[in-house]
file target.cif (mmCIF, C-alpha atoms and all ligand atoms)
data_work
loop_
_atom_site.label_atom_id
_atom_site.label_comp_id
_atom_site.auth_asym_id
_atom_site.auth_seq_id
_atom_site.Cartn_x
_atom_site.Cartn_y
_atom_site.Cartn_z
CA MET A 1 76.84 -106.33 103.17
CA ILE A 2 77.24 -108.96 105.85
CA LEU A 3 78.36 -108.68 109.45
CA GLN A 4 80.18 -111.88 110.32
CA GLU A 5 81.45 -111.18 113.79
CA LEU A 6 80.61 -108.78 116.61
CA THR A 7 82.88 -108.34 119.64
CA LEU A 8 81.97 -106.27 122.68
CA TYR A 9 83.95 -105.15 125.72
CA GLN A 10 82.20 -103.47 128.62
CA PHE A 11 79.23 -102.46 126.48
CA ARG A 12 75.96 -102.23 128.48
CA ASN A 13 75.38 -105.58 130.26
CA TYR A 14 78.24 -107.35 128.43
CA ASP A 15 81.71 -107.75 129.90
CA HIS A 16 83.15 -109.48 126.94
CA LEU A 17 81.21 -111.17 124.18
CA ARG A 18 82.04 -112.44 120.73
CA LEU A 19 79.31 -113.57 118.36
CA GLN A 20 79.74 -115.12 114.93
CA PHE A 21 77.02 -114.62 112.36
CA ASN A 22 76.95 -117.15 109.58
CA GLU A 23 73.52 -116.54 108.05
CA ARG A 24 71.73 -113.66 106.41
CA VAL A 25 68.85 -113.98 108.86
CA VAL A 26 69.88 -113.90 112.51
CA GLY A 27 67.44 -114.33 115.41
CA LEU A 28 68.50 -113.17 118.88
CA CYS A 29 66.33 -114.77 121.56
CA GLY A 30 66.15 -114.66 125.30
CA PRO A 31 64.15 -113.38 128.25
CA ASN A 32 63.52 -109.73 129.09
CA GLY A 33 66.63 -107.83 130.09
CA VAL A 34 69.10 -110.38 128.73
CA GLY A 35 70.65 -107.85 126.32
CA LYS A 36 69.00 -108.41 122.94
CA THR A 37 68.32 -104.75 122.25
CA ASN A 38 71.83 -103.93 123.48
CA LEU A 39 73.28 -106.12 120.72
CA LEU A 40 71.26 -104.33 118.06
CA ASP A 41 72.42 -101.02 119.49
CA ALA A 42 76.05 -102.15 119.27
CA ILE A 43 75.53 -102.77 115.55
CA HIS A 44 73.92 -99.35 115.27
CA TYR A 45 77.00 -97.80 116.92
CA LEU A 46 79.24 -99.37 114.32
CA CYS A 47 77.10 -98.02 111.49
CA LEU A 48 76.21 -94.54 112.68
CA THR A 49 78.82 -93.89 115.43
CA LYS A 50 76.22 -93.53 118.17
CA THR A 51 73.42 -95.23 120.06
CA TYR A 52 69.98 -95.55 118.51
CA PHE A 53 68.34 -94.80 121.83
CA GLY A 54 69.45 -91.23 122.46
CA ARG A 55 71.55 -92.04 125.51
CA SER A 56 74.94 -90.57 126.29
CA ASP A 57 77.96 -92.64 125.28
CA ALA A 58 78.94 -92.96 128.94
CA GLY A 59 75.52 -94.47 129.68
CA ASN A 60 76.46 -97.41 127.48
CA VAL A 61 79.54 -98.39 129.46
CA LYS A 62 79.00 -101.37 131.71
CA PHE A 63 78.09 -100.13 135.20
CA GLY A 64 81.11 -99.48 137.42
CA LEU A 65 83.64 -99.63 134.55
CA GLN A 66 85.20 -97.10 132.21
CA GLY A 67 85.21 -97.14 128.44
CA PHE A 68 83.85 -99.66 125.95
CA ARG A 69 84.90 -101.20 122.66
CA ILE A 70 82.72 -102.54 119.85
CA GLU A 71 84.24 -104.33 116.89
CA GLY A 72 82.49 -105.58 113.79
CA ASN A 73 83.99 -107.70 111.04
CA GLY A 74 82.30 -108.53 107.80
CA ARG A 75 82.27 -107.82 104.11
CA VAL A 76 80.63 -105.58 101.54
CA GLY A 77 80.49 -107.63 98.36
CA SER A 78 83.82 -109.43 98.42
CA SER A 79 85.71 -106.68 100.31
CA PRO A 80 86.26 -107.40 103.98
CA PHE A 81 85.83 -104.61 106.53
CA GLN A 82 86.55 -104.03 110.16
CA VAL A 83 84.78 -101.24 112.02
CA VAL A 84 85.74 -100.36 115.58
CA CYS A 85 84.11 -97.93 117.95
CA ILE A 86 86.00 -97.17 121.15
CA LEU A 87 84.96 -95.02 124.05
CA ARG A 88 88.19 -94.21 125.89
CA GLU A 89 88.38 -93.98 129.66
CA ASN A 90 88.61 -90.18 129.37
CA GLY A 91 85.27 -90.18 127.52
CA LYS A 92 86.73 -89.59 124.07
CA LYS A 93 85.17 -91.62 121.28
CA GLU A 94 87.08 -93.07 118.34
CA MET A 95 85.90 -94.72 115.15
CA GLN A 96 88.16 -96.80 112.95
CA LEU A 97 87.63 -98.37 109.56
CA ASN A 98 90.14 -101.07 108.65
CA HIS A 99 92.50 -99.83 111.41
CA GLU A 100 92.38 -96.24 110.16
CA PRO A 101 90.90 -93.77 112.65
CA TYR A 102 88.48 -91.16 111.30
CA THR A 103 89.19 -87.50 111.85
CA ARG A 104 85.52 -86.68 111.21
CA PHE A 105 82.78 -89.11 112.17
CA SER A 106 80.53 -87.63 109.49
CA GLU A 107 82.76 -89.37 106.92
CA HIS A 108 81.65 -92.69 108.32
CA ILE A 109 77.93 -91.95 108.17
CA GLY A 110 76.34 -93.72 105.22
CA ARG A 111 79.14 -96.22 104.57
CA PHE A 112 77.28 -98.89 106.50
CA PRO A 113 73.62 -98.01 106.12
CA VAL A 114 71.29 -99.36 108.76
CA VAL A 115 67.57 -99.31 109.49
CA VAL A 116 66.22 -100.05 112.95
CA VAL A 117 62.66 -100.72 114.03
CA ALA A 118 62.15 -100.77 117.80
CA PRO A 119 58.90 -100.80 119.79
CA ASP A 120 59.19 -97.21 121.04
CA ASP A 121 59.54 -96.01 117.46
CA VAL A 122 55.77 -95.90 117.24
CA VAL A 123 56.18 -92.31 118.50
CA LEU A 124 57.13 -91.60 114.90
CA VAL A 125 53.46 -92.04 114.13
CA THR A 126 51.86 -90.93 117.39
CA GLY A 127 54.32 -88.33 118.66
CA GLY A 128 55.24 -84.76 117.78
CA SER A 129 56.66 -83.53 114.50
CA GLU A 130 60.25 -83.54 115.77
CA GLU A 131 60.29 -87.34 115.58
CA ARG A 132 59.35 -87.25 111.91
CA ARG A 133 61.87 -84.54 111.05
CA THR A 134 64.55 -86.66 112.72
CA LEU A 135 63.47 -89.60 110.55
CA LEU A 136 63.82 -87.53 107.38
CA ASP A 137 67.17 -86.15 108.53
CA THR A 138 68.57 -89.54 109.47
CA ILE A 139 67.72 -90.99 106.09
CA ILE A 140 68.85 -88.07 103.95
CA SER A 141 72.14 -87.69 105.80
CA GLN A 142 72.96 -91.33 105.13
CA PHE A 143 73.22 -90.63 101.41
CA ASP A 144 73.94 -86.90 101.37
CA GLN A 145 76.94 -85.75 103.39
CA GLY A 146 76.38 -82.06 102.76
CA TYR A 147 72.87 -82.26 104.23
CA LEU A 148 74.10 -82.94 107.75
CA GLN A 149 76.50 -79.97 107.60
CA GLN A 150 73.65 -77.68 106.49
CA LEU A 151 71.45 -78.98 109.25
CA ILE A 152 74.13 -78.41 111.88
CA ALA A 153 74.65 -74.87 110.55
CA TYR A 154 70.91 -74.19 110.57
CA ASN A 155 70.49 -75.38 114.15
CA ARG A 156 73.48 -73.36 115.34
CA ILE A 157 72.21 -70.15 113.74
CA LEU A 158 68.69 -70.83 114.97
CA LEU A 159 70.01 -70.95 118.55
CA GLN A 160 71.75 -67.60 118.01
CA ARG A 161 68.57 -66.08 116.64
CA ASN A 162 66.49 -67.35 119.53
CA SER A 163 69.00 -66.05 122.01
CA LEU A 164 68.88 -62.64 120.29
CA LEU A 165 65.08 -62.67 120.45
CA ARG A 166 65.29 -63.30 124.18
CA GLN A 167 67.71 -60.38 124.54
CA PHE A 168 65.18 -58.08 122.89
CA ALA A 169 62.85 -58.83 125.74
CA ASP A 170 65.56 -58.17 128.34
CA ILE A 171 67.11 -55.01 126.99
CA GLY A 172 64.21 -53.53 125.10
CA GLY A 173 65.91 -51.96 122.09
CA PRO A 174 66.29 -54.63 119.42
CA ASP A 175 69.54 -54.80 117.46
CA LEU A 176 67.82 -55.03 114.10
CA SER A 177 71.01 -55.00 112.06
CA LEU A 178 72.33 -58.06 113.87
CA LEU A 179 69.01 -59.79 113.37
CA GLN A 180 69.19 -59.02 109.69
CA VAL A 181 72.61 -60.66 109.44
CA ILE A 182 71.40 -63.73 111.31
CA ASP A 183 68.29 -63.95 109.11
CA GLU A 184 70.46 -63.96 106.02
CA GLN A 185 72.68 -66.65 107.49
CA LEU A 186 69.68 -68.77 108.41
CA SER A 187 68.04 -68.51 105.01
CA SER A 188 70.66 -70.31 102.98
CA PRO A 189 70.72 -73.61 104.97
CA ALA A 190 66.93 -73.41 105.41
CA GLN A 191 66.37 -73.24 101.68
CA HIS A 192 68.93 -75.99 101.06
CA ILE A 193 67.36 -78.36 103.61
CA TYR A 194 63.87 -77.60 102.33
CA GLU A 195 64.81 -78.42 98.74
CA LYS A 196 66.50 -81.66 99.82
CA ARG A 197 63.55 -82.77 101.94
CA LYS A 198 61.12 -81.90 99.17
CA ARG A 199 63.05 -83.88 96.61
CA PHE A 200 63.49 -86.78 99.00
CA VAL A 201 59.78 -87.17 99.85
CA GLU A 202 58.96 -87.39 96.14
CA THR A 203 60.49 -90.87 96.13
CA TYR A 204 59.99 -91.68 99.80
CA ILE A 205 56.21 -91.17 100.01
CA PRO A 206 55.33 -93.62 97.19
CA GLU A 207 57.67 -96.16 98.81
CA VAL A 208 55.88 -95.79 102.16
CA GLN A 209 52.50 -96.25 100.47
CA GLN A 210 53.70 -99.34 98.68
CA MET A 211 55.14 -100.81 101.89
CA TYR A 212 51.91 -100.09 103.76
CA GLN A 213 49.96 -101.90 101.05
CA MET A 214 52.35 -104.83 101.28
CA ILE A 215 52.06 -105.13 105.08
CA SER A 216 48.31 -104.57 105.29
CA GLY A 217 47.60 -106.84 102.32
CA SER A 218 46.14 -103.80 100.49
CA LYS A 219 43.36 -103.51 103.06
CA GLU A 220 43.86 -99.81 103.67
CA ASN A 221 44.96 -96.79 101.81
CA ILE A 222 47.36 -94.33 103.32
CA GLN A 223 48.26 -90.82 102.18
CA LEU A 224 51.28 -88.81 103.29
CA ARG A 225 52.02 -85.14 102.84
CA TYR A 226 55.15 -83.15 103.52
CA ASP A 227 54.21 -79.95 105.33
CA SER A 228 56.55 -76.99 105.41
CA PRO A 229 56.12 -73.25 105.85
CA LEU A 230 58.55 -72.96 102.94
CA HIS A 231 55.93 -74.35 100.55
CA PHE A 232 54.35 -70.91 100.51
CA LYS A 233 57.12 -68.36 101.04
CA THR A 234 60.88 -68.10 100.94
CA MET A 235 62.74 -68.16 104.23
CA PRO A 236 63.63 -64.44 104.24
CA ASP A 237 59.94 -63.58 103.68
CA LEU A 238 58.83 -65.97 106.39
CA LEU A 239 61.27 -64.48 108.89
CA ARG A 240 60.29 -60.94 108.01
CA ASP A 241 56.58 -61.66 108.24
CA SER A 242 56.84 -63.46 111.56
CA PHE A 243 59.08 -60.88 113.22
CA ASP A 244 56.43 -59.50 115.60
CA LYS A 245 55.26 -62.98 116.51
CA ASP A 246 58.84 -64.19 117.07
CA ARG A 247 59.65 -61.23 119.26
CA TYR A 248 56.61 -61.88 121.35
CA ALA A 249 57.28 -65.63 121.58
CA GLN A 250 61.04 -64.99 122.08
CA ARG A 251 61.86 -67.74 119.60
CA THR A 252 61.75 -68.38 115.88
CA THR A 253 58.26 -69.62 115.08
CA THR A 254 58.78 -70.44 111.43
CA GLY A 255 61.31 -72.35 109.35
CA ILE A 256 62.27 -75.88 108.47
CA HIS A 257 62.30 -76.77 112.17
CA ARG A 258 58.49 -76.66 111.88
CA ASP A 259 58.25 -79.13 108.99
CA ASP A 260 56.16 -82.27 109.39
CA LEU A 261 54.95 -85.37 107.62
CA ASP A 262 51.16 -85.76 107.78
CA PHE A 263 49.36 -89.09 107.54
CA VAL A 264 45.83 -89.76 106.32
CA LEU A 265 44.10 -93.14 106.50
CA ASP A 266 41.26 -93.63 104.03
CA THR A 267 40.56 -89.85 104.12
CA LEU A 268 40.64 -89.60 107.96
CA PRO A 269 43.49 -88.19 110.09
CA PHE A 270 45.60 -91.24 110.86
CA ARG A 271 46.64 -90.33 114.35
CA GLN A 272 43.05 -90.01 115.50
CA VAL A 273 41.56 -93.08 113.88
CA ALA A 274 44.29 -95.70 113.51
CA SER A 275 44.37 -98.82 115.67
CA GLN A 276 47.54 -99.95 117.38
CA GLY A 277 48.19 -102.53 114.68
CA GLN A 278 47.65 -99.94 111.98
CA ARG A 279 50.08 -97.59 113.68
CA LYS A 280 52.61 -100.35 113.87
CA SER A 281 51.99 -101.13 110.20
CA LEU A 282 52.67 -97.51 109.31
CA LEU A 283 55.79 -97.53 111.46
CA PHE A 284 57.09 -100.53 109.53
CA ALA A 285 56.10 -98.93 106.24
CA LEU A 286 58.06 -95.76 107.11
CA LYS A 287 61.09 -97.82 108.06
CA LEU A 288 61.01 -100.29 105.20
CA ALA A 289 60.63 -97.39 102.79
CA GLU A 290 63.73 -95.89 104.42
CA PHE A 291 65.43 -99.20 103.78
CA GLN A 292 64.39 -99.19 100.14
CA VAL A 293 65.52 -95.62 99.52
CA LEU A 294 68.90 -96.25 101.15
CA LYS A 295 69.28 -99.44 99.17
CA ASN A 296 68.58 -97.60 95.91
CA HIS A 297 71.18 -94.98 96.75
CA LYS A 298 73.87 -97.37 97.92
CA GLY A 299 73.31 -100.20 95.49
CA PHE A 300 73.25 -102.72 98.35
CA SER A 301 70.93 -103.51 101.27
CA PRO A 302 71.36 -101.79 104.62
CA PHE A 303 71.43 -103.88 107.79
CA LEU A 304 67.88 -104.33 109.05
CA LEU A 305 67.52 -104.50 112.83
CA LEU A 306 64.04 -105.52 113.99
CA ASP A 307 63.57 -105.33 117.75
CA ASP A 308 60.59 -107.15 119.30
CA VAL A 309 58.96 -107.65 115.91
CA PHE A 310 56.00 -109.65 117.16
CA GLU A 311 54.36 -106.88 119.10
CA LYS A 312 50.87 -105.85 117.99
CA LEU A 313 50.72 -107.13 114.42
CA ASP A 314 48.21 -109.83 113.48
CA ALA A 315 49.42 -113.09 111.93
CA GLU A 316 48.79 -112.03 108.35
CA ARG A 317 50.60 -108.70 108.64
CA MET A 318 53.41 -110.36 110.55
CA ASN A 319 53.82 -112.90 107.82
CA ASN A 320 53.80 -110.24 105.08
CA LEU A 321 56.42 -108.30 106.98
CA LEU A 322 58.70 -111.23 107.71
CA HIS A 323 58.44 -112.44 104.16
CA TRP A 324 59.56 -109.07 102.89
CA ALA A 325 62.33 -108.69 105.47
CA CYS A 326 63.79 -112.18 105.24
CA VAL A 327 62.95 -113.39 101.73
CA SER A 328 62.36 -110.50 99.30
CA ASN A 329 65.09 -108.37 100.88
CA GLN A 330 68.50 -109.75 100.06
CA GLY A 331 70.32 -108.01 102.94
CA GLN A 332 71.20 -109.16 106.42
CA VAL A 333 68.50 -108.95 109.04
CA PHE A 334 68.74 -109.25 112.82
CA LEU A 335 65.52 -109.98 114.70
CA THR A 336 64.95 -110.21 118.44
CA ASP A 337 62.24 -112.04 120.32
CA THR A 338 61.66 -113.27 123.85
CA HIS A 339 60.26 -116.60 122.53
CA GLN A 340 62.70 -118.69 120.60
CA GLU A 341 60.02 -121.16 119.47
CA ARG A 342 57.76 -118.41 118.17
CA LEU A 343 60.56 -116.88 116.13
CA LYS A 344 61.65 -120.28 114.87
CA GLU A 345 58.14 -121.21 113.77
CA ALA A 346 57.44 -117.90 112.08
CA LEU A 347 60.68 -118.10 110.11
CA ALA A 348 60.33 -121.81 109.32
CA SER A 349 57.18 -121.10 107.32
CA LEU A 350 59.24 -118.81 105.07
CA SER A 351 61.77 -121.53 104.30
CA VAL A 352 64.84 -119.36 104.81
CA THR A 353 67.91 -120.55 106.67
CA VAL A 354 68.10 -118.82 110.00
CA GLN A 355 70.76 -118.62 112.67
CA LEU A 356 69.10 -118.57 116.07
CA ILE A 357 71.25 -117.31 118.92
CA PRO A 358 69.83 -118.00 122.35
CA LEU A 359 71.07 -115.50 124.92
CA SER A 360 71.09 -116.25 128.62
CA GLU A 361 72.07 -114.37 131.75
N1 LIG A 401 75.42 -99.54 131.42
C1 LIG A 401 74.98 -100.77 131.76
N2 LIG A 401 75.76 -101.60 132.46
C2 LIG A 401 75.32 -102.85 132.79
N3 LIG A 401 74.12 -103.33 132.46
C3 LIG A 401 73.31 -102.51 131.79
C4 LIG A 401 73.69 -101.21 131.38
N4 LIG A 401 72.68 -100.65 130.72
C5 LIG A 401 71.70 -101.57 130.70
N5 LIG A 401 72.06 -102.69 131.33
C6 LIG A 401 71.31 -103.90 131.50
O1 LIG A 401 70.95 -104.40 130.24
C7 LIG A 401 69.70 -105.06 130.33
C8 LIG A 401 68.76 -104.58 129.28
O2 LIG A 401 69.23 -105.01 128.05
P1 LIG A 401 68.29 -104.99 126.80
O3 LIG A 401 67.46 -103.78 126.76
O4 LIG A 401 69.17 -105.27 125.65
O5 LIG A 401 67.37 -106.26 127.12
P2 LIG A 401 66.44 -107.05 126.13
O6 LIG A 401 66.98 -108.44 126.02
O7 LIG A 401 66.26 -106.30 124.89
O8 LIG A 401 65.10 -107.11 126.98
P3 LIG A 401 63.55 -107.00 126.51
O9 LIG A 401 63.14 -108.36 126.05
O10 LIG A 401 62.87 -106.63 127.76
O11 LIG A 401 63.48 -105.95 125.47
C9 LIG A 401 69.11 -104.76 131.68
O12 LIG A 401 69.23 -105.92 132.48
C10 LIG A 401 69.98 -103.63 132.19
O13 LIG A 401 70.14 -103.68 133.59
MG MG A 402 64.71 -105.26 124.12
#
call {"tool": "encode", "arguments": {"input": "target.cif", "output": "structure tokens", "more": "lines below"}}
Ligand SMILES: Nc1ncnc2c1ncn2[C@@H]1O[C@H](COP(=O)(O)OP(=O)(O)OP(=O)(O)O)[C@@H](O)[C@H]1O
Ligand SMILES: [Mg+2]
result
Amino acid sequence: MILQELTLYQFRNYDHLRLQFNERVVGLCGPNGVGKTNLLDAIHYLCLTKTYFGRSDAGNVKFGLQGFRIEGNGRVGSSPFQVVCILRENGKKEMQLNHEPYTRFSEHIGRFPVVVVAPDDVVLVTGGSEERRTLLDTIISQFDQGYLQQLIAYNRILLQRNSLLRQFADIGGPDLSLLQVIDEQLSSPAQHIYEKRKRFVETYIPEVQQMYQMISGSKENIQLRYDSPLHFKTMPDLLRDSFDKDRYAQRTTTGIHRDDLDFVLDTLPFRQVASQGQRKSLLFALKLAEFQVLKNHKGFSPFLLLDDVFEKLDAERMNNLLHWACVSNQGQVFLTDTHQERLKEALASLSVTVQLIPLSE
């Protein structure tokens, strides 16, 4: 899968821009604030119909204007594709594949798999469990359409349950029959999501370990464990057993929304002992393993978008990483850096052909 051309109108800092990509390895260089990350985000929009950075669509329109348009042209194997994402002036978003608009965006998810690594992503390692659940969900939903629907259903019912729990506190007399109905409704997607996550980590965890070994040059050993309350009890049992606690807390304290991925570094809790470079190594391992799993499912490489790659890693790890990303991996990779020379030198040592695109204000 190759993106050959990217055209932007009124997207972030760009009025109108057309870029041609003629290599598998593309370096985007330029000073801070020039719009490197914005370009990666435009590619992310085309693949997953939304920004990578959790902003509103309207926040991506060039200041003072209305609406944006992103167009990507390329090919998967020998078949050409055109993907267009339009935010209309009335705020409505449209996605088109080969001039055909989608009725449901979820149909687009997974057709153009993508993996992004950006500096703030280190919260995946250092932050709360929600970040890691989102990682699992993003990956699984790129190869399993039903998963996203189950997740949406679960989250909707969870909100209803929490709102009912709050009402108990207001009114006093709990409507236990309604709660029972909601608990039944919640159990089916919970069990489904749990099974999918459990099956997924069976292949994902060994991939992460292997990637960590590759990046660190086998200097450290990392263990990962999928934690879920559903390991021990079924969802109906969990809900029944936590009823008093939930009523007191006025929210649902158990379920797949409490799942986590735990990391251990050479027998010690990773988050407490790891250095910044080790955290960054684990971040890359998590993301490259995502890449590998998606690749195995799709049969071709996702786009790999590496933002500010040179932060925090030592020369050896950097070299291991770049070698994997640009040489071993056969897919297209977009890298950004503020220093064109640094990027050029690092890639020259790998003897791959690179297209360097200098960006200026
Ligand atoms: N909606 C918008 N309209 C116009 N300009 C915007 C909008 N949103 C962001 N910008 C501008 O885009 C620039 C930031 O772009 P981006 O984050 O892509 O920079 P970058 O090249 O990745 O920089 P760095 O090297 O610091 O990461 C800023 O100058 C910001 O003012
Ligand atoms: Mg940036």
call {"tool": "closest_atom_pairs", "arguments": {"input": "target.cif", "of": "chain A", "to": "ligand MG 402 (chain A)", "cutoff": "8 Å", "atoms": "all atoms listed in the file", "output": "Markdown table"}}
result
| residue | atom | partner | partner_atom | distance |
| --- | --- | --- | --- | --- |
| A:Asn32 | CA | A:MG402 | MG | 6.8 |
| A:Gly33 | CA | A:MG402 | MG | 6.8 |
| A:Gly35 | CA | A:MG402 | MG | 6.8 |
| A:Lys36 | CA | A:MG402 | MG | 5.5 |
| A:Thr37 | CA | A:MG402 | MG | 4.1 |
| A:Asn38 | CA | A:MG402 | MG | 7.3 |
| A:Asp307 | CA | A:MG402 | MG | 6.5 |
| A:Asp308 | CA | A:MG402 | MG | 6.6 |
| A:Thr336 | CA | A:MG402 | MG | 7.5 |
call {"tool": "write_last_selection", "arguments": {"input": "target.cif", "atoms": "C-alpha atoms", "output": "compact mmCIF listing (two decimals), in the coordinates of the input"}}
result
# COMPACT_ATOMS: atom_id res chain seq x y z
CA ASN A 32 63.52 -109.73 129.09
CA GLY A 33 66.63 -107.83 130.09
CA GLY A 35 70.65 -107.85 126.32
CA LYS A 36 69.00 -108.41 122.94
CA THR A 37 68.32 -104.75 122.25
CA ASN A 38 71.83 -103.93 123.48
CA ASP A 307 63.57 -105.33 117.75
CA ASP A 308 60.59 -107.15 119.30
CA THR A 336 64.95 -110.21 118.44
call {"tool": "atom_distance", "arguments": {"input": "target.cif", "atom1": "CA of Val116 (chain A)", "atom2": "CA of Tyr154 (chain A)"}}
result
26.4 Å
call {"tool": "closest_atom_pairs", "arguments": {"input": "target.cif", "of": "chain A", "to": "ligand LIG 401 (chain A)", "cutoff": "10 Å", "atoms": "only C-alpha atoms and all ligand atoms", "output": "Markdown table"}}
result
| residue | atom | partner | partner_atom | distance |
| --- | --- | --- | --- | --- |
| A:Gln10 | CA | A:LIG401 | N2 | 7.7 |
| A:Phe11 | CA | A:LIG401 | N1 | 6.9 |
| A:Arg12 | CA | A:LIG401 | C1 | 3.7 |
| A:Asn13 | CA | A:LIG401 | N3 | 3.4 |
| A:Tyr14 | CA | A:LIG401 | C2 | 6.9 |
| A:Asp15 | CA | A:LIG401 | C2 | 8.6 |
| A:Leu28 | CA | A:LIG401 | O6 | 8.7 |
| A:Cys29 | CA | A:LIG401 | O6 | 7.8 |
| A:Gly30 | CA | A:LIG401 | O6 | 6.3 |
| A:Pro31 | CA | A:LIG401 | O9 | 5.6 |
| A:Asn32 | CA | A:LIG401 | O9 | 3.4 |
| A:Gly33 | CA | A:LIG401 | O5 | 3.4 |
| A:Val34 | CA | A:LIG401 | O6 | 3.9 |
| A:Gly35 | CA | A:LIG401 | O4 | 3.0 |
| A:Lys36 | CA | A:LIG401 | O6 | 3.7 |
| A:Thr37 | CA | A:LIG401 | O4 | 3.5 |
| A:Asn38 | CA | A:LIG401 | O4 | 3.7 |
| A:Leu39 | CA | A:LIG401 | O4 | 6.5 |
| A:Leu40 | CA | A:LIG401 | O4 | 7.9 |
| A:Asp41 | CA | A:LIG401 | O4 | 8.2 |
| A:Ala42 | CA | A:LIG401 | O4 | 9.9 |
| A:Asp57 | CA | A:LIG401 | N1 | 9.6 |
| A:Ala58 | CA | A:LIG401 | N1 | 7.9 |
| A:Gly59 | CA | A:LIG401 | N1 | 5.4 |
| A:Asn60 | CA | A:LIG401 | N1 | 4.6 |
| A:Val61 | CA | A:LIG401 | N1 | 4.7 |
| A:Lys62 | CA | A:LIG401 | N2 | 3.3 |
| A:Phe63 | CA | A:LIG401 | N2 | 3.9 |
| A:Gly64 | CA | A:LIG401 | N2 | 7.6 |
| A:Leu65 | CA | A:LIG401 | N2 | 8.4 |
| A:Ala118 | CA | A:LIG401 | O11 | 9.4 |
| A:Pro119 | CA | A:LIG401 | O11 | 8.9 |
| A:Asp307 | CA | A:LIG401 | O7 | 7.7 |
| A:Asp308 | CA | A:LIG401 | O11 | 6.9 |
| A:Thr336 | CA | A:LIG401 | O7 | 7.7 |
| A:Asp337 | CA | A:LIG401 | O9 | 6.9 |
| A:Thr338 | CA | A:LIG401 | O9 | 5.6 |
| A:His339 | CA | A:LIG401 | O9 | 9.4 |
| A:Leu359 | CA | A:LIG401 | O6 | 8.2 |
| A:Ser360 | CA | A:LIG401 | O6 | 9.2 |
| A:Glu361 | CA | A:LIG401 | O12 | 8.9 |
call {"tool": "atom_distance", "arguments": {"input": "target.cif", "atom1": "CA of Glu131 (chain A)", "atom2": "CA of Glu316 (chain A)"}}
result
28.2 Å
call {"tool": "atom_distance", "arguments": {"input": "target.cif", "atom1": "CA of Lys196 (chain A)", "atom2": "CA of Ile215 (chain A)"}}
result
28.1 Å
call {"tool": "closest_residue", "arguments": {"input": "target.cif", "among": "A:Gln330, A:Thr234, A:Gln223, A:Ser216", "to": "Met318 (chain A)", "atoms": "only C-alpha atoms"}}
result
A:Ser216
